[in-house]
$ cat input-v9.pdb   # PDB, C-alpha atoms
ATOM      1  CA  MET A 309       0.000   0.000   0.000
ATOM      2  CA  ALA A 310       2.874   2.350   0.832
ATOM      3  CA  ASP A 311       4.616   1.426  -2.421
ATOM      4  CA  MET A 312       1.483   2.329  -4.406
ATOM      5  CA  ALA A 313       1.300   5.772  -2.748
ATOM      6  CA  GLY A 314       4.956   6.398  -3.588
ATOM      7  CA  ILE A 315       4.458   5.477  -7.226
ATOM      8  CA  THR A 316       1.391   7.723  -7.446
ATOM      9  CA  GLU A 317       3.289  10.677  -5.980
ATOM     10  CA  LEU A 318       6.163  10.110  -8.437
ATOM     11  CA  LEU A 319       3.768   9.989 -11.411
ATOM     12  CA  ARG A 320       2.103  13.179 -10.199
ATOM     13  CA  LYS A 321       5.416  15.010 -10.015
ATOM     14  CA  MET A 322       6.436  13.775 -13.480
ATOM     15  CA  ASN A 323       3.133  14.989 -14.906
ATOM     16  CA  GLU A 324       3.571  18.424 -13.334
ATOM     17  CA  SER A 325       7.115  18.662 -14.714
ATOM     18  CA  GLN A 326       5.999  17.772 -18.226
ATOM     19  CA  THR A 327       3.124  20.218 -17.999
ATOM     20  CA  ALA A 328       5.530  23.006 -16.987
ATOM     21  CA  GLN A 329       7.886  22.130 -19.839
ATOM     22  CA  HIS A 330       4.995  22.109 -22.318
ATOM     23  CA  ARG A 331       3.810  25.480 -21.027
ATOM     24  CA  GLU A 332       7.344  26.960 -21.298
ATOM     25  CA  LEU A 333       7.764  25.581 -24.826
ATOM     26  CA  LEU A 334       4.371  26.979 -25.813
ATOM     27  CA  GLU A 335       5.368  30.424 -24.524
ATOM     28  CA  LYS A 336       8.612  30.306 -26.552
ATOM     29  CA  VAL A 337       6.724  29.285 -29.702
ATOM     30  CA  THR A 338       4.227  32.095 -29.152
ATOM     31  CA  ALA A 339       7.032  34.616 -28.656
ATOM     32  CA  THR A 340       8.794  33.347 -31.806
ATOM     33  CA  GLU A 341       5.612  33.661 -33.844
ATOM     34  CA  ALA A 342       5.162  37.220 -32.561
ATOM     35  CA  SER A 343       8.757  38.078 -33.512
ATOM     36  CA  VAL A 344       8.251  36.623 -36.979
ATOM     37  CA  GLN A 345       5.069  38.641 -37.424
ATOM     38  CA  ALA A 346       6.886  41.784 -36.253
ATOM     39  CA  LEU A 347       9.742  41.167 -38.696
ATOM     40  CA  GLN A 348       7.258  40.582 -41.491
ATOM     41  CA  GLY A 349       5.644  43.886 -40.587
ATOM     42  CA  LEU A 350       9.070  45.608 -40.832
ATOM     43  CA  GLN A 351       9.786  44.288 -44.302
ATOM     44  CA  PRO A 352       8.155  47.277 -46.082
ATOM     45  CA  GLN A 353      10.155  49.663 -43.931
ATOM     46  CA  VAL A 354      13.380  47.748 -44.603
ATOM     47  CA  ALA A 355      12.677  47.828 -48.324
ATOM     48  CA  ALA A 356      12.035  51.585 -48.188
ATOM     49  CA  LEU A 357      15.265  52.096 -46.244
ATOM     50  CA  GLU A 358      17.202  50.066 -48.797
ATOM     51  CA  ASP A 359      15.724  52.188 -51.578
ATOM     52  CA  SER A 360      16.711  55.381 -49.727
ATOM     53  CA  VAL A 361      20.271  54.127 -49.226
ATOM     54  CA  SER A 362      20.500  53.212 -52.903
ATOM     55  CA  VAL A 363      19.305  56.673 -53.962
ATOM     56  CA  LEU A 364      21.730  58.314 -51.533
ATOM     57  CA  ASP A 365      24.615  56.232 -52.898
ATOM     58  CA  LYS A 366      23.779  57.372 -56.404
ATOM     59  CA  LYS A 367      23.664  61.016 -55.308
ATOM     60  CA  VAL A 368      27.006  60.681 -53.519
ATOM     61  CA  ASP A 369      28.584  59.045 -56.578
ATOM     62  CA  ALA A 370      27.224  61.800 -58.820
ATOM     63  CA  LYS A 371      28.512  64.515 -56.473
ATOM     64  CA  CYS A 372      31.944  62.896 -56.280
ATOM     65  CA  ALA A 373      32.090  62.691 -60.057
ATOM     66  CA  GLU A 374      31.074  66.360 -60.293
ATOM     67  CA  CYS A 375      33.789  67.362 -57.817
ATOM     68  CA  MET A 376      36.398  65.348 -59.706
ATOM     69  CA  GLU A 377      35.420  67.058 -62.950
ATOM     70  CA  ALA A 378      35.691  70.457 -61.255
ATOM     71  CA  VAL A 379      39.135  69.567 -59.890
ATOM     72  CA  LYS A 380      40.286  68.405 -63.333
ATOM     73  CA  ALA A 381      38.970  71.614 -64.885
ATOM     74  CA  LEU A 382      40.833  73.724 -62.319
ATOM     75  CA  GLN A 383      44.029  71.750 -62.870
ATOM     76  CA  THR A 384      43.705  72.208 -66.619
ATOM     77  CA  GLN A 385      43.026  75.925 -66.200
ATOM     78  CA  TYR A 386      45.947  76.355 -63.795
ATOM     79  CA  SER A 387      48.406  74.442 -65.978
ATOM     80  CA  SER A 388      47.367  76.264 -69.160
ATOM     81  CA  ARG A 389      47.257  79.820 -67.823
ATOM     82  CA  PRO A 390      50.378  82.023 -68.014
ATOM     83  CA  ALA A 391      52.507  82.499 -64.935
ATOM     84  CA  SER A 392      50.947  85.012 -62.552
ATOM     85  CA  SER A 393      52.262  88.514 -62.751
ATOM     86  CA  ALA A 394      52.961  88.489 -59.016
ATOM     87  CA  SER A 395      55.149  85.421 -59.379
ATOM     88  CA  SER A 396      56.895  87.099 -62.282
ATOM     89  CA  ALA A 397      57.413  90.197 -60.230
ATOM     90  CA  ARG A 398      58.814  88.266 -57.288
ATOM     91  CA  SER A 399      61.174  86.198 -59.439
ATOM     92  CA  TRP A 400      62.054  89.358 -61.354
ATOM     93  CA  SER A 401      62.949  91.245 -58.188
ATOM     94  CA  THR A 402      65.102  88.396 -56.863
ATOM     95  CA  GLY A 403      66.728  87.553 -60.175
ATOM     96  CA  ALA A 404      69.819  89.637 -59.483
ATOM     97  CA  LYS A 405      70.420  87.819 -56.219
ATOM     98  CA  ARG A 406      70.373  84.443 -57.937
ATOM     99  CA  ARG A 407      72.529  85.665 -60.806
ATOM    100  CA  ARG A 408      75.028  87.569 -58.714
ATOM    101  CA  GLY A 409      77.821  85.196 -59.768
ATOM    102  CA  GLU A 410      77.093  85.613 -63.468
ATOM    103  CA  SER A 411      78.429  88.314 -65.696
ATOM    104  CA  SER A 412      76.866  91.740 -65.360
ATOM    105  CA  GLN A 413      75.993  91.968 -69.022
ATOM    106  CA  ALA A 414      74.202  88.620 -69.013
ATOM    107  CA  SER A 415      72.311  89.627 -65.857
ATOM    108  CA  THR A 416      71.178  92.897 -67.404
ATOM    109  CA  ILE A 417      69.961  91.165 -70.555
ATOM    110  CA  ALA A 418      68.128  88.530 -68.493
ATOM    111  CA  MET A 419      66.438  91.189 -66.378
ATOM    112  CA  GLU A 420      65.327  93.204 -69.387
ATOM    113  CA  THR A 421      63.864  90.144 -71.124
ATOM    114  CA  SER A 422      62.463  88.327 -68.111
ATOM    115  CA  GLY A 423      58.916  89.401 -68.844
ATOM    116  CA  GLY A 424      58.516  91.657 -65.844
ATOM    117  CA  PRO A 425      55.176  93.230 -64.969
ATOM    118  CA  THR A 426      53.773  95.951 -67.139
ATOM    119  CA  ASP A 427      53.569  99.557 -66.014
ATOM    120  CA  PHE A 428      49.804  99.175 -65.652
ATOM    121  CA  GLN A 429      50.225  96.221 -63.316
ATOM    122  CA  ASN A 430      52.859  98.108 -61.360
ATOM    123  CA  ILE A 431      50.463 100.982 -60.783
ATOM    124  CA  CYS A 432      47.504  98.776 -59.882
ATOM    125  CA  ARG A 433      49.287  96.131 -57.829
ATOM    126  CA  ARG A 434      49.368  96.153 -54.044
ATOM    127  CA  TRP A 435      51.454  93.827 -51.887
ATOM    128  CA  ILE A 436      50.036  92.563 -48.575
ATOM    129  CA  GLY A 437      52.382  91.299 -45.859
ATOM    130  CA  THR A 438      54.648  90.663 -44.267
ATOM    131  CA  PHE A 439      53.836  87.403 -42.499
ATOM    132  CA  PRO A 440      56.380  86.509 -39.792
ATOM    133  CA  ARG A 441      57.166  83.270 -41.604
ATOM    134  CA  LYS A 442      56.479  81.634 -44.937
ATOM    135  CA  VAL A 443      52.893  80.408 -45.021
ATOM    136  CA  LEU A 444      50.972  78.205 -47.442
ATOM    137  CA  ASP A 445      48.741  79.483 -50.233
ATOM    138  CA  VAL A 446      45.641  78.297 -48.366
ATOM    139  CA  THR A 447      46.481  80.474 -45.357
ATOM    140  CA  ARG A 448      46.986  83.600 -47.475
ATOM    141  CA  GLU A 449      43.831  82.870 -49.458
ATOM    142  CA  GLN A 450      41.928  82.735 -46.171
ATOM    143  CA  VAL A 451      43.413  86.098 -45.142
ATOM    144  CA  TRP A 452      42.373  87.590 -48.476
ATOM    145  CA  SER A 453      38.833  86.205 -48.047
ATOM    146  CA  GLU A 454      38.603  87.865 -44.628
ATOM    147  CA  ILE A 455      39.808  91.155 -46.121
ATOM    148  CA  LEU A 456      37.243  90.971 -48.942
ATOM    149  CA  VAL A 457      34.388  90.739 -46.453
ATOM    150  CA  GLN A 458      35.464  94.041 -44.883
ATOM    151  CA  LEU A 459      36.050  96.029 -48.093
ATOM    152  CA  PRO A 460      33.586  98.774 -49.080
ATOM    153  CA  PRO A 461      31.263  98.285 -52.082
ATOM    154  CA  SER A 462      33.542 100.471 -54.214
ATOM    155  CA  LEU A 463      36.161  97.703 -54.060
ATOM    156  CA  PRO A 464      34.321  94.588 -55.303
ATOM    157  CA  ALA A 465      36.041  91.250 -55.403
ATOM    158  CA  ALA A 466      35.420  90.987 -59.148
ATOM    159  CA  ASP A 467      37.819  93.891 -59.748
ATOM    160  CA  ALA A 468      40.660  92.315 -57.747
ATOM    161  CA  SER A 469      43.005  89.612 -58.957
ATOM    162  CA  PRO A 470      44.973  88.057 -56.072
ATOM    163  CA  HIS A 471      48.232  86.216 -56.722
ATOM    164  CA  PHE A 472      49.671  83.763 -54.218
ATOM    165  CA  GLN A 473      53.241  82.598 -54.579
ATOM    166  CA  ARG A 474      54.079  79.173 -53.221
ATOM    167  CA  SER A 475      55.088  79.315 -49.554
ATOM    168  CA  SER A 476      55.757  83.033 -49.258
ATOM    169  CA  GLN A 477      55.538  85.774 -46.641
ATOM    170  CA  SER A 478      53.268  88.016 -48.723
ATOM    171  CA  PHE A 479      50.839  88.059 -51.635
ATOM    172  CA  SER A 480      49.782  90.629 -54.196
ATOM    173  CA  VAL A 481      46.484  91.939 -55.533
ATOM    174  CA  ILE A 482      46.074  93.635 -58.914
ATOM    175  CA  TRP A 483      43.084  95.969 -59.161
ATOM    176  CA  SER A 484      41.274  96.931 -62.330
ATOM    177  CA  THR A 485      42.021 100.647 -62.029
ATOM    178  CA  GLU A 486      44.650 102.826 -60.428
ATOM    179  CA  GLU A 487      41.957 104.618 -58.426
ATOM    180  CA  GLN A 488      40.819 101.333 -56.865
ATOM    181  CA  ALA A 489      44.404 100.486 -55.969
ATOM    182  CA  ARG A 490      44.799 103.861 -54.238
ATOM    183  CA  ASP A 491      41.481 103.430 -52.422
ATOM    184  CA  PHE A 492      42.565  99.976 -51.277
ATOM    185  CA  SER A 493      45.818 101.390 -49.892
ATOM    186  CA  THR A 494      43.857 104.118 -48.094
ATOM    187  CA  TRP A 495      41.425 101.596 -46.641
ATOM    188  CA  PHE A 496      44.261  99.355 -45.533
ATOM    189  CA  GLY A 497      45.983 102.240 -43.801
ATOM    190  CA  MET A 498      42.818 103.184 -41.918
ATOM    191  CA  ASN A 499      42.006  99.635 -40.778
ATOM    192  CA  CYS A 500      44.082  97.366 -38.604
ATOM    193  CA  VAL A 501      44.383  94.065 -40.492
ATOM    194  CA  THR A 502      46.024  91.363 -38.384
ATOM    195  CA  TRP A 503      46.904  87.686 -38.682
ATOM    196  CA  LYS A 504      47.212  85.310 -35.733
ATOM    197  CA  ASP A 505      49.815  82.602 -36.114
ATOM    198  CA  PRO A 506      48.096  79.304 -35.187
ATOM    199  CA  ARG A 507      51.436  77.816 -34.172
ATOM    200  CA  CYS A 508      52.408  80.241 -31.435
ATOM    201  CA  GLY A 509      49.441  82.618 -31.169
ATOM    202  CA  THR A 510      51.501  85.672 -32.186
ATOM    203  CA  VAL A 511      49.412  88.442 -33.758
ATOM    204  CA  THR A 512      51.021  90.286 -36.695
ATOM    205  CA  GLN A 513      49.687  93.474 -38.235
ATOM    206  CA  LEU A 514      49.673  93.234 -42.016
ATOM    207  CA  ARG A 515      50.492  96.218 -44.203
ATOM    208  CA  CYS A 516      49.924  97.211 -47.784
ATOM    209  CA  ARG A 517      52.424  98.715 -50.202
ATOM    210  CA  GLY A 518      52.630  99.374 -53.919
ATOM    211  CA  ASP A 519      55.183  98.293 -56.477
ATOM    212  CA  LEU A 520      58.347 100.314 -56.837
ATOM    213  CA  PRO A 521      58.837 101.986 -60.244
ATOM    214  CA  HIS A 522      60.833 100.026 -62.767
ATOM    215  CA  GLU A 523      63.692 102.539 -62.737
ATOM    216  CA  ILE A 524      64.144 102.281 -58.969
ATOM    217  CA  ARG A 525      64.068  98.490 -59.048
ATOM    218  CA  MET A 526      66.688  98.380 -61.775
ATOM    219  CA  ARG A 527      68.824 100.934 -59.923
ATOM    220  CA  GLN A 528      68.614  98.920 -56.716
ATOM    221  CA  ARG A 529      69.621  95.811 -58.613
ATOM    222  CA  HIS A 530      72.661  97.516 -60.094
ATOM    223  CA  LEU A 531      73.729  98.968 -56.770
ATOM    224  CA  GLY A 532      73.154  95.629 -55.103
ATOM    225  CA  GLN A 533      75.752  94.015 -57.350
ATOM    226  CA  ALA A 534      78.366  96.398 -55.944
ATOM    227  CA  TRP A 535      77.289  95.858 -52.341
ATOM    228  CA  MET A 536      79.129  92.556 -51.701
ATOM    229  CA  PRO A 537      82.588  93.487 -53.074
ATOM    230  CA  LEU A 538      82.394  96.847 -51.299
ATOM    231  CA  MET A 539      81.373  95.114 -48.072
ATOM    232  CA  LYS A 540      84.425  92.852 -48.302
ATOM    233  CA  LEU A 541      86.690  95.898 -48.646
ATOM    234  CA  LEU A 542      85.162  97.605 -45.626
ATOM    235  CA  ARG A 543      85.233  94.531 -43.403
ATOM    236  CA  ALA A 544      88.871  93.925 -44.208
ATOM    237  CA  HIS A 545      89.836  97.114 -42.372
ATOM    238  CA  ARG A 546      90.373  97.019 -38.630
ATOM    239  CA  ASP A 547      88.295 100.169 -37.954
ATOM    240  CA  TRP A 548      85.129  98.695 -39.480
ATOM    241  CA  THR A 549      82.680  97.804 -36.687
ATOM    242  CA  PRO A 550      79.274  96.089 -36.611
ATOM    243  CA  ARG A 551      77.762  99.501 -35.860
ATOM    244  CA  CYS A 552      78.619 100.527 -39.419
ATOM    245  CA  LYS A 553      75.898  99.345 -41.778
ATOM    246  CA  LEU A 554      76.276  99.271 -45.532
ATOM    247  CA  GLY A 555      73.120  99.794 -47.536
ATOM    248  CA  CYS A 556      71.911 100.758 -50.975
ATOM    249  CA  SER A 557      68.854 102.715 -52.003
ATOM    250  CA  GLY A 558      67.368 103.082 -55.432
ATOM    251  CA  PHE A 559      65.614 106.236 -54.262
ATOM    252  CA  SER A 560      68.832 108.066 -53.393
ATOM    253  CA  ASN A 561      70.849 106.462 -56.231
ATOM    254  CA  ALA A 562      73.632 105.661 -53.763
ATOM    255  CA  ILE A 563      75.358 103.059 -51.633
ATOM    256  CA  THR A 564      75.536 104.430 -48.111
ATOM    257  CA  VAL A 565      77.259 103.746 -44.799
ATOM    258  CA  THR A 566      75.231 104.351 -41.642
ATOM    259  CA  THR A 567      76.951 104.785 -38.290
ATOM    260  CA  ASP A 568      75.698 105.812 -34.877
ATOM    261  CA  LYS A 569      75.918 109.478 -35.868
ATOM    262  CA  ASP A 570      76.056 109.942 -39.631
ATOM    263  CA  VAL A 571      74.944 108.596 -42.989
ATOM    264  CA  TRP A 572      77.490 108.837 -45.801
ATOM    265  CA  ASP A 573      77.151 108.243 -49.505
ATOM    266  CA  LEU A 574      79.998 106.071 -50.749
ATOM    267  CA  ILE A 575      79.018 105.442 -54.359
ATOM    268  CA  ARG A 576      76.489 107.568 -56.198
ATOM    269  CA  VAL A 577      74.902 106.913 -59.589
ATOM    270  CA  ASP A 578      73.699 109.917 -61.604
ATOM    271  CA  SER A 579      70.691 110.067 -63.910
ATOM    272  CA  ASP A 580      72.797 108.881 -66.856
ATOM    273  CA  GLY A 581      73.864 105.742 -64.970
ATOM    274  CA  HIS A 582      77.399 106.960 -64.334
ATOM    275  CA  ALA A 583      78.806 105.773 -60.979
ATOM    276  CA  GLU A 584      81.417 107.620 -58.961
ATOM    277  CA  TRP A 585      83.163 107.315 -55.589
ATOM    278  CA  VAL A 586      82.114 110.312 -53.495
ATOM    279  CA  GLN A 587      83.369 109.550 -49.977
ATOM    280  CA  ASP A 588      87.017 110.438 -49.557
ATOM    281  CA  GLU A 589      86.735 110.082 -45.784
ATOM    282  CA  CYS A 590      86.899 106.325 -46.248
ATOM    283  CA  GLU A 591      90.576 106.806 -46.984
ATOM    284  CA  ASP A 592      90.927 107.055 -43.207
ATOM    285  CA  TRP A 593      89.839 103.426 -43.149
ATOM    286  CA  GLY A 594      92.488 102.497 -45.688
ATOM    287  CA  ILE A 595      90.010 102.394 -48.581
ATOM    288  CA  THR A 596      91.157 104.550 -51.469
ATOM    289  CA  ALA A 597      89.678 105.383 -54.852
ATOM    290  CA  ASP A 598      92.094 102.920 -56.465
ATOM    291  CA  LEU A 599      90.712 100.043 -54.407
ATOM    292  CA  VAL A 600      87.108 100.768 -55.349
ATOM    293  CA  LYS A 601      87.910 101.491 -59.010
ATOM    294  CA  PRO A 602      87.033  97.899 -60.120
ATOM    295  CA  ILE A 603      83.663  98.250 -58.404
ATOM    296  CA  ILE A 604      83.019 101.623 -60.070
ATOM    297  CA  ASP A 605      84.030 100.218 -63.443
ATOM    298  CA  MET A 606      81.678  97.279 -62.968
ATOM    299  CA  LEU A 607      78.751  99.636 -62.249
ATOM    300  CA  ASN A 608      79.551 101.769 -65.273
ATOM    301  CA  LEU A 609      79.424  98.694 -67.495
ATOM    302  CA  LEU A 610      75.884  97.805 -66.403
TER
END
$ encode --input "input-v9.pdb" --output "structure tokens"
Amino acid sequence: MADMAGITELLRKMNESQTAQHRELLEKVTATEASVQALQGLQPQVAALEDSVSVLDKKVDAKCAECMEAVKALQTQYSSRPASSASSARSWSTGAKRRRGESSQASTIAMETSGGPTDFQNICRRWIGTFPRKVLDVTREQVWSEILVQLPPSLPAADASPHFQRSSQSFSVIWSTEEQARDFSTWFGMNCVTWKDPRCGTVTQLRCRGDLPHEIRMRQRHLGQAWMPLMKLLRAHRDWTPRCKLGCSGFSNAITVTTDKDVWDLIRVDSDGHAEWVQDECEDWGITADLVKPIIDMLNLL
């Protein structure tokens, strides 16, 4: 009798366990069917999303192709256009320095045929600088864009042609008329235009200047060729000190020595291009007219 009660209790427990397992399995099946129905309900939304992604991909591809065509067009335009007048002017103004070791006659011919800027461009060009270090074209273009926003309506961007040399400390702008160039210089002088160096945070005030006349540039180039040999003569004497500075100016047509007290003209070039030694006081330094005669002769041959 006791054995029968034990068997009955065991069967009852087994039945309850199976019932619980069946109930749990039924709940899982029900949940799975609900998930399947939910996924089936999302199929239209998934299809719409796929269509949207496909359309977006096509738009992105089209935009990328458009940008590539624009870049190719700019590259073609840049490679086919003539060298910028500002680059010509900069290379023109530094040509004598690079050719200092060449013969004077060859240098003069090269300078006269180097395709320098026209008189019109000289009058209408303005240089903006000087940056404390050489900066990229993108940086100077950004500075020019900031300047354009501040300019008055009488100086529209369409009338200005900026020129950015590669990795330079300045850039130039050529205006359509001389009056606009003068107005731009006036505006620049009345407004404080600054540039903040992102590397160190130093703020530099930019300035505007015009091109020097062709005659002054040529005169400075000629005088500059006599600067180095004359400097060697002066430094060779024991009385020459760092306080004495040798300079040349196309405005004064002379090579000068500046001391703490005085400014002396050493070599002067007249309007006909004739050079002469005008400072006899340098004989006190041991420099006589005979020593500088080769330098004078060189200038007279230019």
$ atom_distance --input "input-v9.pdb" --atom1 "atom CA of Leu607 of chain A" --atom2 "atom CA of Trp572 of chain A"
18.9 Å
$ closest_residue --input "input-v9.pdb" --among "A:Leu531, A:Ile595, A:Cys516, A:Val600" --to "His582 of chain A" --atoms "only C-alpha atoms"
A:Leu531
$ resolve_selection --input "input-v9.pdb" --expression "the PyMOL selection byres ((chain A and resi 513) around 8)" --output "mmCIF file with C-alpha atoms, keeping the file's coordinate frame"
data_model
loop_
_atom_site.group_PDB
_atom_site.id
_atom_site.type_symbol
_atom_site.label_atom_id
_atom_site.label_comp_id
_atom_site.auth_asym_id
_atom_site.auth_seq_id
_atom_site.Cartn_x
_atom_site.Cartn_y
_atom_site.Cartn_z
ATOM 1 C CA CYS A 500 44.082 97.366 -38.604
ATOM 2 C CA VAL A 501 44.383 94.065 -40.492
ATOM 3 C CA THR A 502 46.024 91.363 -38.384
ATOM 4 C CA TRP A 503 46.904 87.686 -38.682
ATOM 5 C CA VAL A 511 49.412 88.442 -33.758
ATOM 6 C CA THR A 512 51.021 90.286 -36.695
ATOM 7 C CA LEU A 514 49.673 93.234 -42.016
ATOM 8 C CA ARG A 515 50.492 96.218 -44.203
#
$ resolve_selection --input "input-v9.pdb" --expression "the PyMOL selection byres ((chain A and resi 451-455) around 12)" --output "ChimeraX atom specification"
/A:435-437,439,443-450,456-460,463-465,468-472,478-481,492,495-496,499-505,513-516
$ write_last_selection --input "input-v9.pdb" --atoms "C-alpha atoms" --output "PDB file, in the frame of the given file"
ATOM      1  CA  TRP A 435      51.454  93.827 -51.887  1.00  0.00           C
ATOM      2  CA  ILE A 436      50.036  92.563 -48.575  1.00  0.00           C
ATOM      3  CA  GLY A 437      52.382  91.299 -45.859  1.00  0.00           C
ATOM      4  CA  PHE A 439      53.836  87.403 -42.499  1.00  0.00           C
ATOM      5  CA  VAL A 443      52.893  80.408 -45.021  1.00  0.00           C
ATOM      6  CA  LEU A 444      50.972  78.205 -47.442  1.00  0.00           C
ATOM      7  CA  ASP A 445      48.741  79.483 -50.233  1.00  0.00           C
ATOM      8  CA  VAL A 446      45.641  78.297 -48.366  1.00  0.00           C
ATOM      9  CA  THR A 447      46.481  80.474 -45.357  1.00  0.00           C
ATOM     10  CA  ARG A 448      46.986  83.600 -47.475  1.00  0.00           C
ATOM     11  CA  GLU A 449      43.831  82.870 -49.458  1.00  0.00           C
ATOM     12  CA  GLN A 450      41.928  82.735 -46.171  1.00  0.00           C
ATOM     13  CA  LEU A 456      37.243  90.971 -48.942  1.00  0.00           C
ATOM     14  CA  VAL A 457      34.388  90.739 -46.453  1.00  0.00           C
ATOM     15  CA  GLN A 458      35.464  94.041 -44.883  1.00  0.00           C
ATOM     16  CA  LEU A 459      36.050  96.029 -48.093  1.00  0.00           C
ATOM     17  CA  PRO A 460      33.586  98.774 -49.080  1.00  0.00           C
ATOM     18  CA  LEU A 463      36.161  97.703 -54.060  1.00  0.00           C
ATOM     19  CA  PRO A 464      34.321  94.588 -55.303  1.00  0.00           C
ATOM     20  CA  ALA A 465      36.041  91.250 -55.403  1.00  0.00           C
ATOM     21  CA  ALA A 468      40.660  92.315 -57.747  1.00  0.00           C
ATOM     22  CA  SER A 469      43.005  89.612 -58.957  1.00  0.00           C
ATOM     23  CA  PRO A 470      44.973  88.057 -56.072  1.00  0.00           C
ATOM     24  CA  HIS A 471      48.232  86.216 -56.722  1.00  0.00           C
ATOM     25  CA  PHE A 472      49.671  83.763 -54.218  1.00  0.00           C
ATOM     26  CA  SER A 478      53.268  88.016 -48.723  1.00  0.00           C
ATOM     27  CA  PHE A 479      50.839  88.059 -51.635  1.00  0.00           C
ATOM     28  CA  SER A 480      49.782  90.629 -54.196  1.00  0.00           C
ATOM     29  CA  VAL A 481      46.484  91.939 -55.533  1.00  0.00           C
ATOM     30  CA  PHE A 492      42.565  99.976 -51.277  1.00  0.00           C
ATOM     31  CA  TRP A 495      41.425 101.596 -46.641  1.00  0.00           C
ATOM     32  CA  PHE A 496      44.261  99.355 -45.533  1.00  0.00           C
ATOM     33  CA  ASN A 499      42.006  99.635 -40.778  1.00  0.00           C
ATOM     34  CA  CYS A 500      44.082  97.366 -38.604  1.00  0.00           C
ATOM     35  CA  VAL A 501      44.383  94.065 -40.492  1.00  0.00           C
ATOM     36  CA  THR A 502      46.024  91.363 -38.384  1.00  0.00           C
ATOM     37  CA  TRP A 503      46.904  87.686 -38.682  1.00  0.00           C
ATOM     38  CA  LYS A 504      47.212  85.310 -35.733  1.00  0.00           C
ATOM     39  CA  ASP A 505      49.815  82.602 -36.114  1.00  0.00           C
ATOM     40  CA  GLN A 513      49.687  93.474 -38.235  1.00  0.00           C
ATOM     41  CA  LEU A 514      49.673  93.234 -42.016  1.00  0.00           C
ATOM     42  CA  ARG A 515      50.492  96.218 -44.203  1.00  0.00           C
ATOM     43  CA  CYS A 516      49.924  97.211 -47.784  1.00  0.00           C
TER      44      CYS A 516
END
$ closest_residue --input "input-v9.pdb" --among "A:Ala328, A:Ile575, A:Cys432, A:Ala534" --to "Gly518 of chain A" --atoms "only C-alpha atoms"
A:Cys432
$ resolve_selection --input "input-v9.pdb" --expression "the PyMOL selection byres ((chain A and resi 568-571) around 10)" --output "ChimeraX atom specification"
/A:551-554,564-567,572-574
$ atom_distance --input "input-v9.pdb" --atom1 "atom CA of Arg576 of chain A" --atom2 "atom CA of Asp605 of chain A"
12.8 Å
$ closest_residue --input "input-v9.pdb" --among "A:Asn430, A:Asn323, A:Thr438, A:Gln533" --to "Ser484 of chain A" --atoms "only C-alpha atoms"
A:Asn430
$ axis_aligned_box --input "input-v9.pdb" --around "segment 349-368 of chain A" --padding-each-side "4 Å" --output "lines of an AutoDock Vina configuration file"
center_x = 16.3
center_y = 52.5
center_z = -48.5
size_x = 29.4
size_y = 25.1
size_z = 23.8
$ atom_distance --input "input-v9.pdb" --atom1 "atom CA of Pro461 of chain A" --atom2 "atom CA of Arg433 of chain A"
19.0 Å
$ closest_residue --input "input-v9.pdb" --among "A:Ala562, A:Thr338, A:Glu324, A:Thr510" --to "Arg529 of chain A" --atoms "only C-alpha atoms"
A:Ala562
$ build_atoms --input "input-v9.pdb" --residues "segment 506-516 of chain A" --atoms "N, CA and C atoms" --output "PDB file, in the coordinates of the input"
ATOM      1  N   PRO A 506      48.672  80.425 -35.948  1.00  0.00           N
ATOM      2  CA  PRO A 506      48.096  79.304 -35.187  1.00  0.00           C
ATOM      3  C   PRO A 506      49.141  78.479 -34.452  1.00  0.00           C
ATOM      4  N   ARG A 507      50.399  78.602 -34.828  1.00  0.00           N
ATOM      5  CA  ARG A 507      51.436  77.816 -34.172  1.00  0.00           C
ATOM      6  C   ARG A 507      51.774  78.345 -32.783  1.00  0.00           C
ATOM      7  N   CYS A 508      51.956  79.668 -32.702  1.00  0.00           N
ATOM      8  CA  CYS A 508      52.408  80.241 -31.435  1.00  0.00           C
ATOM      9  C   CYS A 508      51.451  81.286 -30.877  1.00  0.00           C
ATOM     10  N   GLY A 509      50.411  81.636 -31.644  1.00  0.00           N
ATOM     11  CA  GLY A 509      49.441  82.618 -31.169  1.00  0.00           C
ATOM     12  C   GLY A 509      49.880  84.059 -31.331  1.00  0.00           C
ATOM     13  N   THR A 510      51.018  84.305 -31.986  1.00  0.00           N
ATOM     14  CA  THR A 510      51.501  85.672 -32.186  1.00  0.00           C
ATOM     15  C   THR A 510      50.625  86.393 -33.203  1.00  0.00           C
ATOM     16  N   VAL A 511      50.252  87.628 -32.881  1.00  0.00           N
ATOM     17  CA  VAL A 511      49.412  88.442 -33.758  1.00  0.00           C
ATOM     18  C   VAL A 511      50.310  89.427 -34.515  1.00  0.00           C
ATOM     19  N   THR A 512      50.217  89.421 -35.837  1.00  0.00           N
ATOM     20  CA  THR A 512      51.021  90.286 -36.695  1.00  0.00           C
ATOM     21  C   THR A 512      50.113  91.235 -37.461  1.00  0.00           C
ATOM     22  N   GLN A 513      50.439  92.505 -37.458  1.00  0.00           N
ATOM     23  CA  GLN A 513      49.687  93.474 -38.235  1.00  0.00           C
ATOM     24  C   GLN A 513      50.209  93.481 -39.667  1.00  0.00           C
ATOM     25  N   LEU A 514      49.307  93.252 -40.607  1.00  0.00           N
ATOM     26  CA  LEU A 514      49.673  93.234 -42.016  1.00  0.00           C
ATOM     27  C   LEU A 514      49.608  94.645 -42.589  1.00  0.00           C
ATOM     28  N   ARG A 515      50.436  94.892 -43.582  1.00  0.00           N
ATOM     29  CA  ARG A 515      50.492  96.218 -44.203  1.00  0.00           C
ATOM     30  C   ARG A 515      50.391  96.072 -45.711  1.00  0.00           C
ATOM     31  N   CYS A 516      50.127  97.190 -46.336  1.00  0.00           N
ATOM     32  CA  CYS A 516      49.924  97.211 -47.784  1.00  0.00           C
ATOM     33  C   CYS A 516      50.900  98.204 -48.406  1.00  0.00           C
TER      34      CYS A 516
END
